[in-house]
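Visitor: Sharing final-v9.cif here; it has mmCIF, C-alpha atoms.
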data_work
#
loop_
_atom_site.group_PDB
_atom_site.id
_atom_site.type_symbol
_atom_site.label_atom_id
_atom_site.label_comp_id
_atom_site.auth_asym_id
_atom_site.auth_seq_id
_atom_site.Cartn_x
_atom_site.Cartn_y
_atom_site.Cartn_z
ATOM 1 C CA MET S 642 -6.972 -7.897 26.315
ATOM 2 C CA ARG S 643 -8.591 -4.491 25.986
ATOM 3 C CA ILE S 644 -8.673 -2.334 22.881
ATOM 4 C CA GLY S 645 -5.751 -0.099 23.879
ATOM 5 C CA GLU S 646 -3.434 -3.045 24.440
ATOM 6 C CA LEU S 647 -4.483 -4.676 21.160
ATOM 7 C CA ALA S 648 -3.901 -1.415 19.280
ATOM 8 C CA ALA S 649 -0.457 -1.012 20.819
ATOM 9 C CA ARG S 650 0.535 -4.598 20.055
ATOM 10 C CA ALA S 651 -0.741 -4.313 16.476
ATOM 11 C CA GLY S 652 0.940 -0.952 15.913
ATOM 12 C CA THR S 653 -2.278 0.900 15.169
ATOM 13 C CA THR S 654 -4.872 3.059 16.896
ATOM 14 C CA THR S 655 -8.037 2.275 18.799
ATOM 15 C CA ARG S 656 -9.919 4.332 16.225
ATOM 16 C CA THR S 657 -8.674 2.032 13.469
ATOM 17 C CA LEU S 658 -9.747 -1.016 15.457
ATOM 18 C CA ARG S 659 -13.232 0.410 15.945
ATOM 19 C CA TYR S 660 -13.378 1.068 12.187
ATOM 20 C CA TYR S 661 -12.378 -2.531 11.415
ATOM 21 C CA GLU S 662 -15.046 -3.658 13.856
ATOM 22 C CA SER S 663 -17.665 -1.524 12.087
ATOM 23 C CA ARG S 664 -16.654 -3.110 8.774
ATOM 24 C CA GLY S 665 -17.070 -6.610 10.211
ATOM 25 C CA LEU S 666 -13.383 -7.506 10.035
ATOM 26 C CA LEU S 667 -12.715 -7.562 13.752
ATOM 27 C CA PRO S 668 -15.109 -9.333 16.120
ATOM 28 C CA ALA S 669 -17.015 -7.178 18.562
ATOM 29 C CA ARG S 670 -16.928 -9.119 21.817
ATOM 30 C CA ARG S 671 -17.667 -7.443 25.136
ATOM 31 C CA ALA S 672 -16.450 -8.393 28.582
ATOM 32 C CA GLY S 673 -18.837 -8.430 31.541
ATOM 33 C CA ASN S 674 -17.920 -4.811 32.303
ATOM 34 C CA GLY S 675 -18.891 -3.704 28.781
ATOM 35 C CA TYR S 676 -15.351 -3.167 27.516
ATOM 36 C CA ARG S 677 -14.299 -4.644 24.214
ATOM 37 C CA SER S 678 -12.369 -7.862 24.735
ATOM 38 C CA TYR S 679 -9.775 -9.327 22.369
ATOM 39 C CA ASP S 680 -7.432 -12.297 22.285
ATOM 40 C CA GLU S 681 -4.377 -13.495 20.367
ATOM 41 C CA SER S 682 -6.485 -14.601 17.391
ATOM 42 C CA ASP S 683 -7.656 -11.007 16.983
ATOM 43 C CA LEU S 684 -4.054 -9.834 16.977
ATOM 44 C CA ARG S 685 -3.363 -12.364 14.235
ATOM 45 C CA LEU S 686 -6.283 -11.001 12.186
ATOM 46 C CA LEU S 687 -4.965 -7.483 12.591
ATOM 47 C CA ARG S 688 -1.467 -8.446 11.537
ATOM 48 C CA GLN S 689 -2.901 -10.082 8.410
ATOM 49 C CA ILE S 690 -4.927 -6.964 7.575
ATOM 50 C CA ARG S 691 -1.994 -4.615 8.180
ATOM 51 C CA THR S 692 0.421 -6.730 6.120
ATOM 52 C CA LEU S 693 -1.954 -6.837 3.171
ATOM 53 C CA GLN S 694 -2.606 -3.111 3.396
ATOM 54 C CA ASP S 695 1.141 -2.481 3.448
ATOM 55 C CA PHE S 696 1.264 -4.417 0.163
ATOM 56 C CA GLY S 697 -1.405 -2.158 -1.367
ATOM 57 C CA PHE S 698 -4.540 -4.208 -0.768
ATOM 58 C CA ASP S 699 -7.596 -2.160 0.123
ATOM 59 C CA LEU S 700 -9.517 -3.030 3.260
ATOM 60 C CA GLU S 701 -12.240 -4.965 1.472
ATOM 61 C CA GLU S 702 -9.633 -7.107 -0.299
ATOM 62 C CA THR S 703 -8.435 -8.305 3.104
ATOM 63 C CA ARG S 704 -11.808 -9.828 3.964
ATOM 64 C CA PRO S 705 -11.213 -13.303 2.424
ATOM 65 C CA PHE S 706 -7.905 -13.573 4.304
ATOM 66 C CA VAL S 707 -9.572 -12.633 7.592
ATOM 67 C CA GLU S 708 -12.419 -15.088 6.968
ATOM 68 C CA CYS S 709 -9.876 -17.808 6.179
ATOM 69 C CA LEU S 710 -8.141 -17.240 9.518
ATOM 70 C CA ARG S 711 -11.465 -17.149 11.348
ATOM 71 C CA ALA S 712 -12.355 -20.498 9.769
ATOM 72 C CA GLY S 713 -9.363 -21.968 11.593
ATOM 73 C CA HIS S 714 -6.829 -22.162 8.783
ATOM 74 C CA PRO S 715 -3.219 -21.672 9.854
ATOM 75 C CA GLU S 716 -2.651 -18.991 7.201
ATOM 76 C CA GLY S 717 -5.026 -16.396 5.829
ATOM 77 C CA ASP S 718 -4.013 -17.122 2.271
ATOM 78 C CA SER S 719 -4.708 -20.857 2.264
ATOM 79 C CA CYS S 720 -8.352 -20.564 1.141
ATOM 80 C CA PRO S 721 -9.633 -20.403 -2.453
ATOM 81 C CA ALA S 722 -11.133 -16.916 -1.983
ATOM 82 C CA SER S 723 -7.798 -15.567 -0.740
ATOM 83 C CA LEU S 724 -5.974 -17.097 -3.676
ATOM 84 C CA ALA S 725 -8.493 -15.465 -6.024
ATOM 85 C CA VAL S 726 -7.720 -12.064 -4.480
ATOM 86 C CA TYR S 727 -3.990 -12.691 -4.948
ATOM 87 C CA ARG S 728 -4.572 -13.566 -8.611
ATOM 88 C CA ARG S 729 -6.711 -10.481 -9.190
ATOM 89 C CA LYS S 730 -4.158 -8.229 -7.459
ATOM 90 C CA LEU S 731 -1.324 -9.680 -9.552
ATOM 91 C CA GLY S 732 -3.345 -8.970 -12.687
ATOM 92 C CA GLU S 733 -3.837 -5.363 -11.577
ATOM 93 C CA LEU S 734 -0.135 -4.992 -10.821
ATOM 94 C CA ASP S 735 0.873 -6.507 -14.166
ATOM 95 C CA SER S 736 -1.442 -4.057 -15.913
ATOM 96 C CA LEU S 737 0.002 -1.096 -14.002
ATOM 97 C CA ILE S 738 3.543 -2.241 -14.727
ATOM 98 C CA GLY S 739 2.655 -2.426 -18.415
ATOM 99 C CA GLU S 740 1.217 1.095 -18.353
ATOM 100 C CA LEU S 741 4.259 2.447 -16.519
ATOM 101 C CA THR S 742 6.611 0.725 -18.944
ATOM 102 C CA THR S 743 4.785 2.353 -21.862
ATOM 103 C CA VAL S 744 4.999 5.784 -20.235
ATOM 104 C CA ARG S 745 8.676 5.270 -19.392
ATOM 105 C CA ASP S 746 9.466 4.287 -22.988
ATOM 106 C CA THR S 747 7.657 7.384 -24.259
ATOM 107 C CA VAL S 748 9.550 9.665 -21.876
ATOM 108 C CA ALA S 749 12.866 8.025 -22.832
ATOM 109 C CA ARG S 750 12.139 8.618 -26.535
ATOM 110 C CA GLN S 751 11.180 12.237 -25.853
ATOM 111 C CA LEU S 752 14.369 12.781 -23.861
ATOM 112 C CA ALA S 753 16.522 11.274 -26.615
ATOM 113 C CA ARG S 754 14.785 13.445 -29.229
ATOM 114 C CA ALA S 755 15.167 16.570 -27.092
ATOM 115 C CA GLU S 756 18.849 15.882 -26.419
ATOM 116 C CA LEU S 757 19.528 15.446 -30.150
ATOM 117 C CA ALA S 758 17.681 18.665 -30.941
ATOM 118 C CA ALA S 759 19.552 20.567 -28.230
ATOM 119 C CA GLU S 760 22.902 19.259 -29.428
ATOM 120 C CA ALA S 761 22.095 20.222 -33.026
ATOM 121 C CA GLU S 762 21.163 23.779 -32.007
ATOM 122 C CA ALA S 763 24.285 24.449 -29.964
ATOM 123 C CA PRO S 764 27.012 21.779 -30.014
ATOM 124 C CA GLY S 765 28.606 21.670 -26.607
ATOM 125 C CA GLY S 766 25.744 23.722 -25.162
ATOM 126 C CA PRO S 767 25.109 27.456 -25.127
ATOM 127 C CA GLU S 768 27.724 29.940 -24.063
ATOM 128 C CA PRO S 769 27.315 30.868 -20.401
ATOM 129 C CA GLN S 770 25.900 34.335 -19.901
ATOM 130 C CA CYS S 771 26.414 36.643 -16.974
ATOM 131 C CA GLU S 772 22.987 37.400 -15.627
ATOM 132 C CA LEU S 773 24.132 40.805 -14.402
ATOM 133 C CA GLY S 774 25.814 42.221 -17.475
ATOM 134 C CA GLY S 775 24.912 39.909 -20.332
ATOM 135 C CA ASP S 776 28.599 39.257 -21.167
ATOM 136 C CA THR S 777 29.787 35.768 -21.991
ATOM 137 C CA TRP S 778 32.137 34.041 -19.624
ATOM 138 C CA GLY S 779 35.458 32.701 -20.706
ATOM 139 C CA PRO S 780 38.749 34.013 -21.984
ATOM 140 C CA ALA S 781 38.618 37.496 -23.439
#
Kindly return the structure encoded in the file as structure tokens.

Guide:
Amino acid sequence: MRIGELAARAGTTTRTLRYYESRGLLPARRAGNGYRSYDESDLRLLRQIRTLQDFGFDLEETRPFVECLRAGHPEGDSCPASLAVYRRKLGELDSLIGELTTVRDTVARQLARAELAAEAEAPGGPEPQCELGGDTWGPA
């Protein structure tokens, strides 16, 4: 198949495919007429790359998965190098989750402190003010 068909089937652009080719992730085969030529195995490589990128993997992190598929394995994550990338990514995610949990706890404490302070200043909240005349609302 030609590059346009592969791009359409993979849900991407020809520009992206040429970029993957330049990075060595997609083979650069040429037909007799000089056009790039692809097959179903290339579509499989692209789907692996796109899935991993959707999960937050950068392009270089997809390389071991692509190489695993190229080596003839049925899945891109069945090779030791792919498993190592999974482990490293999980470590990064666990670290980020820890950082976010710390920030969330800090914000929750700040909110609780601020709500207590606001309640102490004006139980039930401040009296509504008319922005036009400065009078308070409510029964006169």

Visitor: What does the distance between CA of Tyr661 (chain S) and CA of Leu700 (chain S) come to in Å, to one decimal place?

Guide: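 According to the coordinates, CA of Tyr661 (chain S) and CA of Leu700 (chain S) are separated by 8.7 Å.
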
Visitor: For Cys709 (chain S), which residue among S:Leu773, S:Leu666, S:Asp746, S:Glu740 is the nearest when counting all atoms listed in the file?

Guide: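 So, comparing all the options, the nearest one is S:Leu666.
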
Visitor: Quick one: distance from CA of Ala651 (chain S) to CA of Ser682 (chain S) in Å, one decimal?

Guide: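 Result for CA of Ala651 (chain S) versus CA of Ser682 (chain S): 11.8 Å, one decimal.
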
Visitor: Just the number, please: distance in Å from CA of Thr653 (chain S) to CA of Leu737 (chain S), one decimal.

Guide: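 Interatomic distance here is 29.3 Å.
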
Visitor: Starting from the PyMOL selection byres ((chain S and resi 701) around 12), expand the selection into actual residues of this file and give them as number ranges by chain.

Guide: S: 661, 664-666, 690, 693-694, 697-700, 702-708, 723, 726

Visitor: For a quick check of understanding, using all atoms listed in the file, which of S:Ala755, S:Tyr660, S:Gly673, S:Arg711 has the smallest distance to Arg685 (chain S)?

Guide: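 For Arg685 (chain S), the nearest of the candidates is S:Arg711.
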
Visitor: Taking into account only C-alpha atoms, which residue in the set S:Glu762, S:Leu686, S:Phe696, S:Ser678 is nearest to Gly713 (chain S)?

Guide: S:Leu686

Visitor: Would you mind putting back N, CA, C and O atoms on region 700-726 of chain S, then writing it out as a PDB file, in the frame of the given file?

Guide:
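Saved as result27.pdb:
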ATOM      1  N   LEU S 700      -8.965  -2.344   2.090  1.00  0.00           N
ATOM      2  CA  LEU S 700      -9.517  -3.030   3.260  1.00  0.00           C
ATOM      3  C   LEU S 700     -10.456  -4.156   2.861  1.00  0.00           C
ATOM      4  O   LEU S 700     -10.416  -5.240   3.437  1.00  0.00           O
ATOM      5  N   GLU S 701     -11.287  -3.927   1.872  1.00  0.00           N
ATOM      6  CA  GLU S 701     -12.240  -4.965   1.472  1.00  0.00           C
ATOM      7  C   GLU S 701     -11.523  -6.189   0.887  1.00  0.00           C
ATOM      8  O   GLU S 701     -11.995  -7.317   1.042  1.00  0.00           O
ATOM      9  N   GLU S 702     -10.390  -5.980   0.254  1.00  0.00           N
ATOM     10  CA  GLU S 702      -9.633  -7.107  -0.299  1.00  0.00           C
ATOM     11  C   GLU S 702      -9.038  -7.999   0.791  1.00  0.00           C
ATOM     12  O   GLU S 702      -8.668  -9.137   0.524  1.00  0.00           O
ATOM     13  N   THR S 703      -8.966  -7.497   2.010  1.00  0.00           N
ATOM     14  CA  THR S 703      -8.435  -8.305   3.104  1.00  0.00           C
ATOM     15  C   THR S 703      -9.469  -9.275   3.672  1.00  0.00           C
ATOM     16  O   THR S 703      -9.102 -10.222   4.362  1.00  0.00           O
ATOM     17  N   ARG S 704     -10.726  -9.033   3.365  1.00  0.00           N
ATOM     18  CA  ARG S 704     -11.808  -9.828   3.964  1.00  0.00           C
ATOM     19  C   ARG S 704     -11.635 -11.343   3.767  1.00  0.00           C
ATOM     20  O   ARG S 704     -11.765 -12.102   4.740  1.00  0.00           O
ATOM     21  N   PRO S 705     -11.362 -11.855   2.560  1.00  0.00           N
ATOM     22  CA  PRO S 705     -11.213 -13.303   2.424  1.00  0.00           C
ATOM     23  C   PRO S 705     -10.074 -13.883   3.277  1.00  0.00           C
ATOM     24  O   PRO S 705     -10.179 -15.006   3.778  1.00  0.00           O
ATOM     25  N   PHE S 706      -9.020 -13.119   3.489  1.00  0.00           N
ATOM     26  CA  PHE S 706      -7.905 -13.573   4.304  1.00  0.00           C
ATOM     27  C   PHE S 706      -8.323 -13.657   5.774  1.00  0.00           C
ATOM     28  O   PHE S 706      -7.987 -14.612   6.468  1.00  0.00           O
ATOM     29  N   VAL S 707      -9.070 -12.648   6.217  1.00  0.00           N
ATOM     30  CA  VAL S 707      -9.572 -12.633   7.592  1.00  0.00           C
ATOM     31  C   VAL S 707     -10.540 -13.793   7.802  1.00  0.00           C
ATOM     32  O   VAL S 707     -10.472 -14.515   8.806  1.00  0.00           O
ATOM     33  N   GLU S 708     -11.455 -13.994   6.852  1.00  0.00           N
ATOM     34  CA  GLU S 708     -12.419 -15.088   6.968  1.00  0.00           C
ATOM     35  C   GLU S 708     -11.723 -16.439   6.969  1.00  0.00           C
ATOM     36  O   GLU S 708     -12.137 -17.363   7.675  1.00  0.00           O
ATOM     37  N   CYS S 709     -10.648 -16.561   6.213  1.00  0.00           N
ATOM     38  CA  CYS S 709      -9.876 -17.808   6.179  1.00  0.00           C
ATOM     39  C   CYS S 709      -9.258 -18.093   7.556  1.00  0.00           C
ATOM     40  O   CYS S 709      -9.319 -19.219   8.047  1.00  0.00           O
ATOM     41  N   LEU S 710      -8.698 -17.072   8.171  1.00  0.00           N
ATOM     42  CA  LEU S 710      -8.141 -17.240   9.518  1.00  0.00           C
ATOM     43  C   LEU S 710      -9.235 -17.578  10.522  1.00  0.00           C
ATOM     44  O   LEU S 710      -9.060 -18.459  11.371  1.00  0.00           O
ATOM     45  N   ARG S 711     -10.354 -16.890  10.420  1.00  0.00           N
ATOM     46  CA  ARG S 711     -11.465 -17.149  11.348  1.00  0.00           C
ATOM     47  C   ARG S 711     -11.988 -18.574  11.212  1.00  0.00           C
ATOM     48  O   ARG S 711     -12.505 -19.140  12.170  1.00  0.00           O
ATOM     49  N   ALA S 712     -11.884 -19.131   9.999  1.00  0.00           N
ATOM     50  CA  ALA S 712     -12.355 -20.498   9.769  1.00  0.00           C
ATOM     51  C   ALA S 712     -11.406 -21.528  10.363  1.00  0.00           C
ATOM     52  O   ALA S 712     -11.680 -22.728  10.305  1.00  0.00           O
ATOM     53  N   GLY S 713     -10.282 -21.065  10.918  1.00  0.00           N
ATOM     54  CA  GLY S 713      -9.363 -21.968  11.593  1.00  0.00           C
ATOM     55  C   GLY S 713      -8.163 -22.398  10.774  1.00  0.00           C
ATOM     56  O   GLY S 713      -7.377 -23.230  11.216  1.00  0.00           O
ATOM     57  N   HIS S 714      -7.995 -21.820   9.600  1.00  0.00           N
ATOM     58  CA  HIS S 714      -6.829 -22.162   8.783  1.00  0.00           C
ATOM     59  C   HIS S 714      -5.579 -21.519   9.376  1.00  0.00           C
ATOM     60  O   HIS S 714      -5.647 -20.422   9.935  1.00  0.00           O
ATOM     61  N   PRO S 715      -4.444 -22.203   9.246  1.00  0.00           N
ATOM     62  CA  PRO S 715      -3.219 -21.672   9.854  1.00  0.00           C
ATOM     63  C   PRO S 715      -2.725 -20.387   9.196  1.00  0.00           C
ATOM     64  O   PRO S 715      -2.065 -19.577   9.838  1.00  0.00           O
ATOM     65  N   GLU S 716      -3.054 -20.189   7.937  1.00  0.00           N
ATOM     66  CA  GLU S 716      -2.651 -18.991   7.201  1.00  0.00           C
ATOM     67  C   GLU S 716      -3.879 -18.390   6.540  1.00  0.00           C
ATOM     68  O   GLU S 716      -4.765 -19.104   6.082  1.00  0.00           O
ATOM     69  N   GLY S 717      -3.887 -17.076   6.437  1.00  0.00           N
ATOM     70  CA  GLY S 717      -5.026 -16.396   5.829  1.00  0.00           C
ATOM     71  C   GLY S 717      -5.088 -16.531   4.324  1.00  0.00           C
ATOM     72  O   GLY S 717      -6.099 -16.210   3.706  1.00  0.00           O
ATOM     73  N   ASP S 718      -4.007 -17.015   3.728  1.00  0.00           N
ATOM     74  CA  ASP S 718      -4.013 -17.122   2.271  1.00  0.00           C
ATOM     75  C   ASP S 718      -4.102 -18.569   1.793  1.00  0.00           C
ATOM     76  O   ASP S 718      -3.753 -18.885   0.668  1.00  0.00           O
ATOM     77  N   SER S 719      -4.612 -19.455   2.646  1.00  0.00           N
ATOM     78  CA  SER S 719      -4.708 -20.857   2.264  1.00  0.00           C
ATOM     79  C   SER S 719      -6.098 -21.245   1.758  1.00  0.00           C
ATOM     80  O   SER S 719      -6.336 -22.410   1.479  1.00  0.00           O
ATOM     81  N   CYS S 720      -6.991 -20.292   1.606  1.00  0.00           N
ATOM     82  CA  CYS S 720      -8.352 -20.564   1.141  1.00  0.00           C
ATOM     83  C   CYS S 720      -8.520 -20.118  -0.314  1.00  0.00           C
ATOM     84  O   CYS S 720      -7.848 -19.181  -0.762  1.00  0.00           O
ATOM     85  N   PRO S 721      -9.418 -20.763  -1.047  1.00  0.00           N
ATOM     86  CA  PRO S 721      -9.633 -20.403  -2.453  1.00  0.00           C
ATOM     87  C   PRO S 721      -9.965 -18.922  -2.674  1.00  0.00           C
ATOM     88  O   PRO S 721      -9.479 -18.316  -3.627  1.00  0.00           O
ATOM     89  N   ALA S 722     -10.768 -18.331  -1.805  1.00  0.00           N
ATOM     90  CA  ALA S 722     -11.133 -16.916  -1.983  1.00  0.00           C
ATOM     91  C   ALA S 722      -9.917 -16.005  -1.828  1.00  0.00           C
ATOM     92  O   ALA S 722      -9.778 -15.010  -2.545  1.00  0.00           O
ATOM     93  N   SER S 723      -9.020 -16.353  -0.922  1.00  0.00           N
ATOM     94  CA  SER S 723      -7.798 -15.567  -0.740  1.00  0.00           C
ATOM     95  C   SER S 723      -6.900 -15.686  -1.961  1.00  0.00           C
ATOM     96  O   SER S 723      -6.331 -14.691  -2.430  1.00  0.00           O
ATOM     97  N   LEU S 724      -6.788 -16.888  -2.481  1.00  0.00           N
ATOM     98  CA  LEU S 724      -5.974 -17.097  -3.676  1.00  0.00           C
ATOM     99  C   LEU S 724      -6.541 -16.320  -4.861  1.00  0.00           C
ATOM    100  O   LEU S 724      -5.781 -15.765  -5.667  1.00  0.00           O
ATOM    101  N   ALA S 725      -7.865 -16.244  -4.944  1.00  0.00           N
ATOM    102  CA  ALA S 725      -8.493 -15.465  -6.024  1.00  0.00           C
ATOM    103  C   ALA S 725      -8.141 -13.985  -5.907  1.00  0.00           C
ATOM    104  O   ALA S 725      -7.890 -13.314  -6.918  1.00  0.00           O
ATOM    105  N   VAL S 726      -8.098 -13.466  -4.682  1.00  0.00           N
ATOM    106  CA  VAL S 726      -7.720 -12.064  -4.480  1.00  0.00           C
ATOM    107  C   VAL S 726      -6.266 -11.857  -4.891  1.00  0.00           C
ATOM    108  O   VAL S 726      -5.933 -10.861  -5.550  1.00  0.00           O
TER     109      VAL S 726
END
